[in-house]
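Have a look at structure_32.cif; it's mmCIF, C-alpha atoms and all ligand atoms:
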```cif
data_run
#
loop_
_atom_site.label_atom_id
_atom_site.label_comp_id
_atom_site.auth_asym_id
_atom_site.auth_seq_id
_atom_site.Cartn_x
_atom_site.Cartn_y
_atom_site.Cartn_z
CA MET F 266 0.00 0.00 0.00
CA THR F 267 1.25 3.46 -0.88
CA ASP F 268 2.34 5.69 1.98
CA VAL F 269 0.51 9.00 2.32
CA LEU F 270 2.08 12.31 3.29
CA ILE F 271 -0.35 14.98 4.47
CA LYS F 272 1.38 18.38 4.16
CA ASN F 273 0.92 21.55 6.22
CA VAL F 274 -2.08 20.46 8.27
CA ARG F 275 -3.10 21.66 11.73
CA LEU F 276 -3.90 18.85 14.18
CA TYR F 277 -7.30 19.47 15.80
CA GLY F 278 -7.10 22.93 14.18
CA GLU F 279 -4.49 23.94 16.75
CA GLY F 280 -0.87 25.09 16.73
CA GLU F 281 1.49 25.36 13.77
CA PRO F 282 0.95 23.36 10.58
CA VAL F 283 2.85 20.06 10.40
CA ASP F 284 3.34 17.18 7.98
CA VAL F 285 1.92 13.76 8.85
CA LEU F 286 3.24 10.56 7.26
CA LEU F 287 0.94 7.53 7.14
CA ALA F 288 2.55 4.13 6.56
CA ASP F 289 1.50 0.54 7.24
CA GLY F 290 -1.85 1.69 8.53
CA GLU F 291 -0.35 3.92 11.20
CA ILE F 292 0.76 7.45 11.81
CA ARG F 293 4.49 6.95 11.18
CA GLN F 294 5.87 10.48 11.59
CA ILE F 295 4.67 13.95 12.55
CA GLY F 296 6.92 16.95 11.93
CA ALA F 297 7.86 19.97 9.85
CA GLY F 298 9.17 19.55 6.28
CA LEU F 299 8.84 15.76 6.08
CA ASN F 300 9.81 14.02 2.85
CA ALA F 301 8.89 10.56 1.64
CA ALA F 302 10.00 9.52 -1.82
CA ASP F 303 7.12 7.29 -2.89
CA ALA F 304 4.34 8.70 -0.78
CA GLU F 305 1.15 10.09 -2.22
CA ILE F 306 0.96 13.77 -1.26
CA VAL F 307 -2.24 15.21 0.19
CA GLU F 308 -2.06 18.99 0.56
CA GLY F 309 -3.47 20.03 3.91
CA ALA F 310 -2.78 23.79 3.95
CA GLY F 311 -5.61 25.64 5.68
CA GLN F 312 -7.12 22.32 6.79
CA TYR F 313 -7.58 20.46 10.06
CA LEU F 314 -6.82 16.83 10.88
CA LEU F 315 -9.07 14.95 13.32
CA PRO F 316 -9.53 11.28 14.24
CA GLY F 317 -12.05 9.65 11.87
CA PHE F 318 -15.68 9.91 12.91
CA ILE F 319 -17.66 7.02 14.41
CA ASP F 320 -21.42 6.77 13.99
CA LEU F 321 -23.18 4.71 16.64
CA HIS F 322 -26.51 4.90 14.80
CA THR F 323 -26.74 4.22 11.05
CA HIS F 324 -29.46 2.46 9.07
CA LEU F 325 -27.92 0.78 6.02
CA ARG F 326 -31.08 -1.12 4.95
CA GLU F 327 -29.21 -4.25 3.85
CA PRO F 328 -30.64 -6.84 3.88
CA GLY F 329 -34.17 -6.05 2.73
CA ARG F 330 -34.42 -2.50 1.39
CA GLU F 331 -31.51 -2.31 -1.00
CA ASP F 332 -33.63 0.05 -3.11
CA THR F 333 -32.95 2.75 -0.48
CA GLU F 334 -29.40 1.98 0.75
CA THR F 335 -26.88 -0.85 0.71
CA ILE F 336 -23.78 -1.54 2.73
CA ASP F 337 -21.88 -0.38 -0.36
CA SER F 338 -23.73 2.91 -0.90
CA GLY F 339 -23.98 3.60 2.83
CA SER F 340 -20.26 2.97 3.27
CA ALA F 341 -19.57 5.47 0.50
CA ALA F 342 -21.80 8.05 2.21
CA ALA F 343 -19.98 7.38 5.48
CA ALA F 344 -16.49 7.76 3.97
CA LEU F 345 -17.53 11.00 2.27
CA GLY F 346 -18.87 12.24 5.60
CA GLY F 347 -15.52 11.60 7.32
CA TYR F 348 -16.50 8.35 9.05
CA THR F 349 -14.13 5.42 9.59
CA ALA F 350 -16.59 3.26 11.56
CA VAL F 351 -20.38 3.01 11.61
CA PHE F 352 -22.81 0.85 13.56
CA ALA F 353 -25.53 -0.59 11.31
CA MET F 354 -28.86 -0.86 13.10
CA ALA F 355 -30.71 -4.16 13.35
CA ASN F 356 -34.10 -3.14 11.90
CA THR F 357 -33.42 -4.74 8.55
CA ASN F 358 -35.47 -7.43 6.80
CA PRO F 359 -34.73 -10.07 7.96
CA VAL F 360 -34.03 -8.45 11.32
CA ALA F 361 -30.44 -8.74 12.54
CA ASP F 362 -31.47 -10.92 15.46
CA SER F 363 -29.17 -13.83 14.57
CA ALA F 364 -25.50 -14.31 13.78
CA VAL F 365 -26.39 -15.20 10.16
CA VAL F 366 -27.45 -11.61 9.55
CA THR F 367 -24.94 -9.83 11.79
CA ASP F 368 -22.05 -11.80 10.28
CA HIS F 369 -23.25 -10.91 6.77
CA VAL F 370 -23.25 -7.21 7.66
CA TRP F 371 -19.72 -7.40 9.10
CA ARG F 372 -18.32 -9.38 6.17
CA ARG F 373 -19.98 -7.25 3.52
CA GLY F 374 -18.66 -4.09 5.20
CA GLN F 375 -15.12 -5.49 5.13
CA GLU F 376 -15.51 -6.50 1.47
CA VAL F 377 -16.56 -2.96 0.54
CA GLY F 378 -13.64 -1.72 2.63
CA LEU F 379 -14.51 1.97 2.92
CA VAL F 380 -15.45 2.04 6.58
CA ASP F 381 -15.66 -0.56 9.35
CA VAL F 382 -19.33 -1.54 9.49
CA TYR F 383 -20.15 -2.92 12.92
CA PRO F 384 -23.41 -4.85 13.06
CA VAL F 385 -25.87 -3.98 15.80
CA GLY F 386 -27.79 -7.03 17.01
CA ALA F 387 -31.47 -6.94 17.95
CA VAL F 388 -32.24 -7.18 21.67
CA THR F 389 -35.42 -9.17 21.05
CA VAL F 390 -36.47 -11.68 18.42
CA GLY F 391 -37.89 -9.83 15.39
CA LEU F 392 -37.76 -6.53 17.36
CA GLN F 393 -41.02 -7.74 18.90
CA GLY F 394 -40.07 -6.95 22.48
CA LYS F 395 -41.22 -10.37 23.72
CA GLN F 396 -38.25 -12.71 23.82
CA LEU F 397 -34.54 -11.98 24.09
CA ALA F 398 -32.54 -12.67 20.92
CA GLU F 399 -29.45 -14.87 21.15
CA MET F 400 -27.17 -12.04 22.17
CA GLY F 401 -24.36 -14.34 23.28
CA THR F 402 -24.18 -16.15 19.93
CA MET F 403 -24.07 -12.86 18.04
CA ALA F 404 -21.44 -11.46 20.41
CA GLN F 405 -19.21 -14.50 19.95
CA SER F 406 -19.64 -14.86 16.19
CA VAL F 407 -17.46 -13.45 13.35
CA GLY F 408 -19.21 -10.08 13.48
CA ALA F 409 -18.48 -9.92 17.24
CA VAL F 410 -21.56 -7.82 17.99
CA ARG F 411 -20.79 -5.32 20.72
CA MET F 412 -23.97 -3.25 20.63
CA PHE F 413 -27.59 -4.41 20.77
CA SER F 414 -30.67 -2.36 20.02
CA ASP F 415 -34.28 -2.79 18.91
CA ASP F 416 -34.01 0.70 17.42
CA GLY F 417 -37.11 1.77 15.58
CA HIS F 418 -38.87 0.07 18.49
CA CYS F 419 -38.49 0.56 22.21
CA VAL F 420 -37.69 -2.37 24.49
CA TYR F 421 -40.80 -1.33 26.38
CA ASP F 422 -41.35 -4.31 28.70
CA PRO F 423 -39.40 -3.43 31.85
CA LEU F 424 -38.70 -7.06 32.73
CA ILE F 425 -37.29 -7.82 29.25
CA MET F 426 -35.19 -4.66 29.46
CA ARG F 427 -33.93 -5.63 32.88
CA ARG F 428 -32.88 -9.07 31.65
CA ALA F 429 -31.28 -7.60 28.53
CA LEU F 430 -29.20 -5.28 30.71
CA GLU F 431 -28.14 -8.17 32.93
CA TYR F 432 -27.10 -10.32 29.95
CA ALA F 433 -25.34 -7.39 28.30
CA ASN F 434 -23.42 -6.77 31.48
CA SER F 435 -22.13 -10.33 31.67
CA LEU F 436 -21.29 -10.34 27.93
CA GLY F 437 -19.55 -6.96 28.14
CA VAL F 438 -21.77 -5.47 25.44
CA LEU F 439 -23.92 -2.35 25.26
CA ILE F 440 -27.70 -1.93 25.06
CA ALA F 441 -28.82 1.13 23.08
CA GLN F 442 -32.41 2.11 23.75
CA HIS F 443 -34.85 3.85 21.41
CA ALA F 444 -36.75 5.52 24.25
CA GLU F 445 -40.42 5.66 23.30
CA GLU F 446 -43.22 4.48 25.55
CA PRO F 447 -45.45 2.99 22.85
CA ARG F 448 -48.76 3.53 24.66
CA LEU F 449 -48.06 7.28 24.68
CA THR F 450 -47.25 7.47 20.98
CA GLU F 451 -50.01 5.43 19.37
CA GLY F 452 -50.76 7.13 16.05
CA ALA F 453 -48.32 9.96 16.82
CA VAL F 454 -46.48 11.59 13.93
CA ALA F 455 -45.16 14.91 15.31
CA HIS F 456 -44.00 16.53 18.54
CA GLU F 457 -46.99 17.16 20.83
CA GLY F 458 -47.27 20.92 21.14
CA PRO F 459 -48.92 24.02 19.70
CA THR F 460 -47.56 23.43 16.19
CA ALA F 461 -48.88 19.88 15.86
CA ALA F 462 -52.19 20.94 17.39
CA ARG F 463 -52.61 23.76 14.88
CA LEU F 464 -51.59 21.57 11.93
CA GLY F 465 -53.85 18.71 13.01
CA LEU F 466 -51.02 16.22 13.49
CA ALA F 467 -51.22 13.58 16.23
CA GLY F 468 -48.73 14.39 18.98
CA TRP F 469 -45.73 12.43 20.45
CA PRO F 470 -45.29 13.83 23.95
CA ARG F 471 -41.89 14.43 25.53
CA ALA F 472 -42.94 12.16 28.39
CA ALA F 473 -42.97 9.16 26.04
CA GLU F 474 -39.19 9.53 25.74
CA GLU F 475 -38.44 10.80 29.22
CA SER F 476 -40.36 8.11 31.11
CA ILE F 477 -38.28 5.41 29.39
CA VAL F 478 -35.01 7.28 29.98
CA ALA F 479 -35.84 7.56 33.68
CA ARG F 480 -36.92 3.92 33.92
CA ASP F 481 -33.87 2.61 32.10
CA ALA F 482 -31.51 4.68 34.24
CA LEU F 483 -32.98 2.95 37.29
CA LEU F 484 -32.82 -0.49 35.65
CA ALA F 485 -29.18 0.10 34.68
CA ARG F 486 -28.42 1.19 38.23
CA ASP F 487 -29.90 -1.97 39.71
CA ALA F 488 -28.27 -4.26 37.14
CA GLY F 489 -24.94 -2.48 37.55
CA ALA F 490 -25.03 -2.30 33.75
CA ARG F 491 -24.41 0.32 31.10
CA VAL F 492 -27.24 1.77 29.02
CA HIS F 493 -27.02 4.07 26.00
CA ILE F 494 -29.88 6.38 25.01
CA CYS F 495 -30.40 6.78 21.26
CA HIS F 496 -31.32 10.16 19.71
CA ALA F 497 -32.06 12.19 22.87
CA SER F 498 -34.53 14.88 21.85
CA THR F 499 -35.95 16.78 24.82
CA ALA F 500 -34.84 19.21 27.52
CA GLY F 501 -36.34 16.82 30.07
CA THR F 502 -34.15 13.97 28.86
CA VAL F 503 -31.15 16.24 29.41
CA GLU F 504 -32.24 16.85 33.02
CA LEU F 505 -32.69 13.12 33.59
CA LEU F 506 -29.25 12.34 32.13
CA LYS F 507 -27.72 14.94 34.45
CA TRP F 508 -29.47 13.40 37.41
CA ALA F 509 -28.54 9.83 36.49
CA LYS F 510 -24.88 10.67 35.85
CA ALA F 511 -24.72 12.50 39.17
CA GLN F 512 -25.90 9.26 40.84
CA GLY F 513 -23.02 7.39 39.22
CA ILE F 514 -25.30 5.44 36.89
CA SER F 515 -23.52 4.19 33.72
CA ILE F 516 -25.67 6.00 31.21
CA THR F 517 -24.55 7.60 27.95
CA ALA F 518 -26.51 9.38 25.24
CA GLU F 519 -26.30 10.56 21.67
CA VAL F 520 -27.96 13.46 19.86
CA THR F 521 -28.56 13.70 16.11
CA PRO F 522 -27.46 16.61 13.93
CA HIS F 523 -31.09 17.20 12.90
CA HIS F 524 -32.27 17.60 16.50
CA LEU F 525 -29.48 20.15 17.01
CA LEU F 526 -30.56 22.28 14.05
CA LEU F 527 -34.24 21.83 13.27
CA ASP F 528 -37.41 22.35 15.28
CA ASP F 529 -41.10 21.68 14.73
CA SER F 530 -41.64 24.98 12.93
CA ARG F 531 -40.37 22.95 9.93
CA LEU F 532 -43.69 21.08 9.86
CA GLU F 533 -45.66 24.09 8.52
CA THR F 534 -45.26 22.82 4.94
CA TYR F 535 -46.42 19.30 5.80
CA ASP F 536 -43.37 18.06 3.86
CA ALA F 537 -42.82 14.53 5.15
CA VAL F 538 -39.05 14.88 4.77
CA ASN F 539 -39.37 16.40 8.26
CA ARG F 540 -41.05 13.37 9.77
CA VAL F 541 -38.64 11.56 12.09
CA ASN F 542 -38.59 9.59 15.33
CA PRO F 543 -38.24 11.05 17.84
CA PRO F 544 -39.92 14.06 16.23
CA LEU F 545 -38.39 17.50 15.74
CA ARG F 546 -39.12 19.27 19.04
CA GLU F 547 -39.32 22.94 20.03
CA SER F 548 -36.57 25.56 19.89
CA SER F 549 -36.19 25.37 23.69
CA ASP F 550 -35.34 21.65 23.35
CA VAL F 551 -32.85 22.41 20.58
CA ALA F 552 -31.10 24.94 22.85
CA ALA F 553 -31.00 22.44 25.75
CA LEU F 554 -29.56 19.69 23.50
CA ARG F 555 -26.79 21.99 22.24
CA GLN F 556 -25.89 23.00 25.77
CA ALA F 557 -25.93 19.37 26.94
CA LEU F 558 -23.58 18.29 24.14
CA ALA F 559 -21.25 21.20 24.92
CA GLU F 560 -21.17 20.25 28.61
CA GLY F 561 -20.80 16.49 28.10
CA VAL F 562 -24.22 15.63 29.56
CA ILE F 563 -24.91 14.21 26.10
CA ASP F 564 -21.80 12.27 25.16
CA CYS F 565 -21.76 12.16 21.40
CA VAL F 566 -23.31 12.86 18.03
CA ALA F 567 -24.91 9.99 16.09
CA THR F 568 -26.58 10.53 12.73
CA ASP F 569 -29.57 8.16 12.84
CA HIS F 570 -29.01 8.10 9.06
CA ALA F 571 -32.36 6.67 7.91
CA PRO F 572 -32.77 6.35 4.13
CA HIS F 573 -36.30 5.99 2.78
CA ALA F 574 -37.70 5.52 -0.71
CA GLU F 575 -39.43 8.33 -2.58
CA GLN F 576 -42.84 6.64 -2.29
CA ASP F 577 -42.44 6.40 1.50
CA LYS F 578 -41.59 10.10 1.86
CA CYS F 579 -43.40 11.93 -0.94
CA CYS F 580 -46.85 11.24 0.50
CA GLU F 581 -49.12 12.65 3.17
CA PHE F 582 -47.33 13.39 6.43
CA ALA F 583 -49.07 10.75 8.54
CA ALA F 584 -48.46 8.01 5.94
CA ALA F 585 -44.75 8.73 5.51
CA ARG F 586 -42.00 6.72 7.14
CA PRO F 587 -39.99 8.52 9.79
CA GLY F 588 -36.29 9.15 9.20
CA MET F 589 -33.70 11.42 7.55
CA LEU F 590 -30.36 11.03 5.81
CA GLY F 591 -27.41 12.18 7.90
CA LEU F 592 -23.98 10.73 7.12
CA GLU F 593 -22.79 13.23 4.52
CA THR F 594 -24.08 16.35 6.29
CA ALA F 595 -23.28 15.57 9.95
CA LEU F 596 -19.98 17.45 10.25
CA SER F 597 -21.37 20.57 8.60
CA ILE F 598 -24.41 20.61 10.87
CA ILE F 599 -22.19 20.25 13.95
CA VAL F 600 -20.02 23.14 12.77
CA GLU F 601 -23.13 25.24 12.12
CA THR F 602 -24.84 24.46 15.45
CA MET F 603 -21.89 23.98 17.82
CA VAL F 604 -18.60 25.40 16.46
CA ARG F 605 -19.87 28.65 14.94
CA PRO F 606 -21.85 29.65 18.05
CA GLY F 607 -18.74 28.93 20.19
CA LEU F 608 -20.20 25.93 22.04
CA LEU F 609 -17.45 23.52 20.86
CA ASP F 610 -13.93 23.96 19.54
CA TRP F 611 -12.42 21.48 17.08
CA ARG F 612 -11.00 19.35 19.86
CA GLY F 613 -14.55 19.19 21.12
CA VAL F 614 -15.71 18.04 17.68
CA ALA F 615 -13.12 15.23 17.84
CA LYS F 616 -14.54 14.26 21.23
CA VAL F 617 -18.21 14.10 20.34
CA MET F 618 -17.84 12.65 16.83
CA SER F 619 -14.92 10.27 17.38
CA GLU F 620 -13.36 9.78 20.82
CA ASN F 621 -16.55 9.44 22.86
CA PRO F 622 -18.42 7.15 20.46
CA ALA F 623 -15.29 4.94 20.20
CA ARG F 624 -15.15 4.70 23.97
CA ILE F 625 -18.88 3.98 24.32
CA ALA F 626 -18.65 1.17 21.74
CA GLY F 627 -15.34 -0.12 23.04
CA LEU F 628 -13.43 0.31 19.75
CA VAL F 629 -9.72 0.28 20.53
CA ASP F 630 -8.49 1.32 17.05
CA GLN F 631 -10.75 4.34 16.58
CA GLY F 632 -11.00 7.76 18.17
CA ARG F 633 -7.32 7.61 19.09
CA PRO F 634 -4.97 10.55 19.69
CA LEU F 635 -3.16 12.06 16.69
CA GLU F 636 0.21 10.62 17.68
CA VAL F 637 2.97 8.54 16.13
CA GLY F 638 2.20 4.81 16.30
CA GLU F 639 -1.56 5.28 16.45
CA PRO F 640 -3.85 3.76 13.77
CA ALA F 641 -4.28 6.09 10.81
CA ASN F 642 -8.07 6.38 10.96
CA LEU F 643 -8.39 10.05 10.19
CA VAL F 644 -10.42 12.81 8.61
CA LEU F 645 -9.11 15.93 6.88
CA ILE F 646 -11.44 18.94 6.97
CA ASP F 647 -11.56 22.29 5.21
CA PRO F 648 -13.13 24.47 7.93
CA ASP F 649 -13.58 27.47 5.60
CA ALA F 650 -15.36 25.65 2.77
CA GLU F 651 -19.04 26.23 2.16
CA TRP F 652 -21.25 23.95 0.14
CA THR F 653 -24.89 23.61 -0.82
CA VAL F 654 -26.64 20.32 -0.13
CA ARG F 655 -28.09 18.66 -3.24
CA SER F 656 -29.60 15.27 -2.57
CA LYS F 657 -28.85 14.14 -6.12
CA ASP F 658 -25.12 14.62 -5.39
CA LEU F 659 -25.15 12.51 -2.23
CA ALA F 660 -23.84 8.94 -2.35
CA SER F 661 -26.90 7.56 -0.59
CA ILE F 662 -29.43 5.87 -2.84
CA ALA F 663 -32.32 7.57 -1.06
CA ASN F 664 -32.83 11.35 -1.27
CA ASN F 665 -34.56 12.21 2.00
CA THR F 666 -32.27 14.91 3.36
CA PRO F 667 -34.02 17.67 5.30
CA PHE F 668 -31.07 19.96 4.50
CA GLU F 669 -31.74 20.19 0.73
CA SER F 670 -30.57 23.53 -0.73
CA MET F 671 -29.05 24.69 2.57
CA THR F 672 -25.60 26.24 2.31
CA LEU F 673 -23.50 24.81 5.13
CA PRO F 674 -20.01 25.41 6.52
CA ALA F 675 -17.01 23.02 6.49
CA LYS F 676 -16.30 20.11 4.20
CA VAL F 677 -14.58 16.76 4.59
CA THR F 678 -11.77 16.74 2.00
CA SER F 679 -10.23 13.30 2.72
CA THR F 680 -10.91 10.28 4.90
CA PHE F 681 -8.27 7.69 5.79
CA LEU F 682 -8.98 4.14 6.96
CA ARG F 683 -5.87 2.37 8.28
CA GLY F 684 -3.76 4.76 6.23
CA ALA F 685 -5.64 4.24 2.96
CA ILE F 686 -7.56 7.10 1.36
CA THR F 687 -11.23 6.10 1.25
CA ALA F 688 -12.67 9.43 0.09
CA ARG F 689 -11.04 12.48 -1.43
CA ASP F 690 -12.52 15.74 -2.74
CA GLY F 691 -16.05 14.39 -2.82
CA LYS F 692 -15.15 11.10 -4.50
CA VAL F 693 -14.97 7.63 -3.05
CA LEU F 694 -11.74 5.84 -3.87
CA ALA F 695 -11.70 2.36 -5.28
CA GLY F 696 -9.04 -0.26 -5.92
CA GLU F 697 -6.01 -0.41 -3.69
CA ALA F 698 -7.47 1.92 -1.09
CA ARG F 699 -10.59 -0.21 -0.79
CA ARG F 700 -8.74 -3.48 -0.48
CA ALA F 701 -6.27 -1.99 1.97
CA GLY F 702 -9.15 -1.28 4.27
CA ASN F 703 -9.90 -4.98 4.58
CA ARG F 704 -7.34 -6.07 7.06
CA GLY F 705 -8.91 -5.30 10.40
CA GLY F 706 -10.64 -7.82 12.58
CA PRO F 707 -13.78 -7.05 14.57
C1 LIG Q 1 -35.47 5.01 11.88
C2 LIG Q 1 -35.61 4.14 10.65
O1 LIG Q 1 -36.11 4.64 9.63
O2 LIG Q 1 -35.17 2.99 10.66
N1 LIG Q 1 -36.37 6.11 11.77
C3 LIG Q 1 -36.35 7.26 12.45
O3 LIG Q 1 -37.25 8.08 12.29
N2 LIG Q 1 -35.38 7.58 13.25
C4 LIG Q 1 -35.68 4.20 13.12
C5 LIG Q 1 -35.21 4.89 14.37
O4 LIG Q 1 -34.04 5.28 14.47
O5 LIG Q 1 -35.99 5.00 15.30
ZN ZN Q 2 -34.70 5.11 16.94
#
```

For this file, produce the structure as structure tokens.
Ligand code: NCD
Ligand code: ZN
Amino acid sequence: MTDVLIKNVRLYGEGEPVDVLLADGEIRQIGAGLNAADAEIVEGAGQYLLPGFIDLHTHLREPGREDTETIDSGSAAAALGGYTAVFAMANTNPVADSAVVTDHVWRRGQEVGLVDVYPVGAVTVGLQGKQLAEMGTMAQSVGAVRMFSDDGHCVYDPLIMRRALEYANSLGVLIAQHAEEPRLTEGAVAHEGPTAARLGLAGWPRAAEESIVARDALLARDAGARVHICHASTAGTVELLKWAKAQGISITAEVTPHHLLLDDSRLETYDAVNRVNPPLRESSDVAALRQALAEGVIDCVATDHAPHAEQDKCCEFAAARPGMLGLETALSIIVETMVRPGLLDWRGVAKVMSENPARIAGLVDQGRPLEVGEPANLVLIDPDAEWTVRSKDLASIANNTPFESMTLPAKVTSTFLRGAITARDGKVLAGEARRAGNRGGP
């Protein structure tokens, strides 16, 4: 594999520009005026180098809905978005509730070679919430599942959730909960509040999320287990996370880029591109989520990248499927909502998009410091670039981005997986770079 020499780049956007040599999948040298005869040169002047991003919440739709996304197309979207690892949710068809499916996802991700695709296993058989799936078998199989979630559905039965947490604890794996009390959201399509009431949309109250967050914090406490909250969306959830962390409960949480930027005023047009679970909330929730991410009450950003077909989105609001694309726009939305307003610096971006998710998922080769000898899983960013989102230009098969036509700050210029360039200047690399990405184990 060709060595890569990144010239004149600022690490974490700090200090003087340096050169960074990548060889044999690692950061080999960092210094001024480096030379390497056969290395491919990547000019980094005016750009920042960060550890590659990790997405704990991606829907890749393979198997079952390859008309909307595949492991191939989703990996391309991830590489272009600066990601070096993604966790593929279990709500596929068939559901990833057995090692047959989770191993396929892992193997196919390695074959594509653009990003490490970690399969998420279902907590319960068929996401039905009734019977625990064979978590141990999935954890010990080739795909070595380290995160389990019924995402799309809540593990609503408290006894099942309690057992899942106990098993997860003994297996050393993580349960990620889609917090939604289903009895409180029957028929709901939008955040319960004045906007939904005026528009005649059935409401999804904050309490549906918060009651599960509170319950699961207590269950995790009693099981001595860890629990991770998917897509936190309300100010009340933030208060509960603060409380639980102050008690010493092992709880972590993610927030999506869309919940950091958009609120329910977007629903005025009835455009179903804005339908998502949990729903877009109010501007006061958005402010609380930003503050919580800045303060570390919410640990990380996760995209909840949820591709859907045209016919499932271009229809009446209540009939549309919930979900939004996210992989290729995440960094720009974080810069817009967190860096520009001064809530996070670039080291903070590295924390919430790379270091913290790697730690939560227990990945030892991701989210590492930018130091000699560390794995070269990296992202190069032009902080001064601006670009306009056009869904037709995105690598995802589906088009359901809520950010269409928005002009956003910052652009990923290159992504490196174990020292190989996986994306550069808006293009996914093939050939040697792809194959070189195939060496890692789970
Ligand atoms: C997700 C999907 O489409 O799979 N949809 C969504 O609105 N977020 C499921 C989920 O993450 O809950
Ligand atoms: Zn969910």

Give the padded box for stretch 331-334 of chain F as AutoDock Vina command-line options: axis-aligned, covering all atoms listed in the file, 3 Å on each side, centre and edge lengths in Å to one decimal.
```
--center_x -31.5 --center_y 0.2 --center_z -1.2 --size_x 10.2 --size_y 11.1 --size_z 9.9
```

**Item:** Protein and nucleic residues near ligand ZN 2 (chain Q), 10 Å, all atoms listed in the file, as a PyMOL selection string
**Value:** chain F and resi 322-324+354+356+414-419+441-445+494-497+541-543+569+571+587-588

If we count only C-alpha atoms and set the cut-off at 12 Å, which residues sit around F:Ala302, ignoring sequence neighbours fewer than 3 positions away in its own chain? Please answer as a PDB file with C-alpha atoms, keeping the file's coordinate frame.
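Saved as out_33.pdb:
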```pdb
ATOM      1  CA  THR F 267       1.250   3.460  -0.880  1.00  0.00           C
ATOM      2  CA  ASP F 268       2.340   5.690   1.980  1.00  0.00           C
ATOM      3  CA  VAL F 269       0.510   9.000   2.320  1.00  0.00           C
ATOM      4  CA  LEU F 270       2.080  12.310   3.290  1.00  0.00           C
ATOM      5  CA  LEU F 286       3.240  10.560   7.260  1.00  0.00           C
ATOM      6  CA  LEU F 299       8.840  15.760   6.080  1.00  0.00           C
ATOM      7  CA  GLU F 305       1.150  10.090  -2.220  1.00  0.00           C
ATOM      8  CA  ILE F 306       0.960  13.770  -1.260  1.00  0.00           C
TER       9      ILE F 306
END
```

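The coordinates place atom CA of F:Ala641 at 29.4 Å from atom CA of F:Thr653.
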
**Message:** Quick check, in Å to one decimal: how far apart do atom CA of F:Leu628 and atom CA of F:Thr594 lie?
**Reply:**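 Here the two named atoms are 23.5 Å from each other.
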
**Request:** Find, counting all atoms listed in the file, the residue in F:Ala387, F:Val492, F:Ala472, F:Ala364 that gets nearest to F:Val407.
**Result:** F:Ala364

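For the atom pair formed by atom CA of F:Ala361 and atom CA of F:Val385, the distance is 7.4 Å, given to one decimal.
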
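In terms of minimum interatomic distance to ligand LIG 1 (chain Q), F:Leu321 ranks closest within F:Val551, F:Leu321, F:Ala482, F:Leu645, counting only C-alpha atoms and all ligand atoms.
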
**Request:** Starting from the point (-21.3, 11.9, 22.9), work out which residues of protein, DNA or RNA have an atom no more than 9 Å away when counting only C-alpha atoms; state them as a PyMOL selection string.
**Result:** chain F and resi 517-520+558+561-567+616-622+625

**Long-range neighbours of F:Leu449 as a list of chain:residue names, 12 Å cut-off, all atoms listed in the file, 4 positions minimum in chain** =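 Near neighbours after the sequence-gap exclusion: F:Cys419, F:Tyr421, F:Ala444, F:Glu445, F:Ala453, F:Val454, F:His456, F:Glu457, F:Ala467, F:Gly468, F:Trp469, F:Pro470, F:Arg471, F:Ala472, F:Ala473, F:Glu474, F:Glu475, F:Ser476, F:Ile477.
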
**Asked** F:Thr678: which residues within 10 Å, counting all atoms listed in the file, same-chain residues fewer than 3 positions away excluded, as a ChimeraX atom specification?
**Response** /F:307,309,312-313,345-347,644-648,650,675,688-692

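Using only C-alpha atoms and all ligand atoms, the shortest contact distance between ligand LIG 1 (chain Q) and any of F:Cys579, F:Ala685, F:Ile271, F:Ala574 is found at F:Ala574.
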
**Message:** Would you pick out the contacts of F:Ile292 at 8 Å or less, using all atoms listed in the file, so that residues sharing its chain but fewer than 5 positions from it are not included, and give the list as a list in words?
**Reply:** Val285, Leu286, Leu287, Leu635, Glu636, Val637, Gly638, Glu639, Pro640, Ala641 and Gly684 of chain F

**Prompt:** Using only C-alpha atoms, which residue out of F:Ile516, F:Ala552, F:Ala509, F:Ala663 lies closest to F:Glu575?
**Reply:** F:Ala663

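Minimum atom-to-atom distances from F:Ala353, F:Val629, F:Val420, F:Leu483 to F:Gly391 were compared using all atoms listed in the file, and the lowest value belongs to F:Val420.
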
**Item:** Proximity to ligand LIG 1 (chain Q) - best of F:Arg486, F:Lys510, F:Arg655, F:Lys578, only C-alpha atoms and all ligand atoms
**Value:**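 Once distances to ligand LIG 1 (chain Q) are computed over only C-alpha atoms and all ligand atoms, the minimum belongs to F:Lys578.
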
Shell around F:Glu331 at 12 Å using all atoms listed in the file, local window under 3 positions removed, as a CSV table (one decimal) with C-alpha atoms, in the coordinates of the input:
```
chain,number,residue,atom,x,y,z
F,324,HIS,CA,-29.5,2.5,9.1
F,325,LEU,CA,-27.9,0.8,6.0
F,326,ARG,CA,-31.1,-1.1,5.0
F,327,GLU,CA,-29.2,-4.2,3.8
F,328,PRO,CA,-30.6,-6.8,3.9
F,334,GLU,CA,-29.4,2.0,0.8
F,335,THR,CA,-26.9,-0.8,0.7
F,336,ILE,CA,-23.8,-1.5,2.7
F,337,ASP,CA,-21.9,-0.4,-0.4
F,338,SER,CA,-23.7,2.9,-0.9
F,339,GLY,CA,-24.0,3.6,2.8
F,357,THR,CA,-33.4,-4.7,8.6
F,358,ASN,CA,-35.5,-7.4,6.8
F,572,PRO,CA,-32.8,6.4,4.1
F,573,HIS,CA,-36.3,6.0,2.8
F,574,ALA,CA,-37.7,5.5,-0.7
F,661,SER,CA,-26.9,7.6,-0.6
F,662,ILE,CA,-29.4,5.9,-2.8
F,663,ALA,CA,-32.3,7.6,-1.1
```
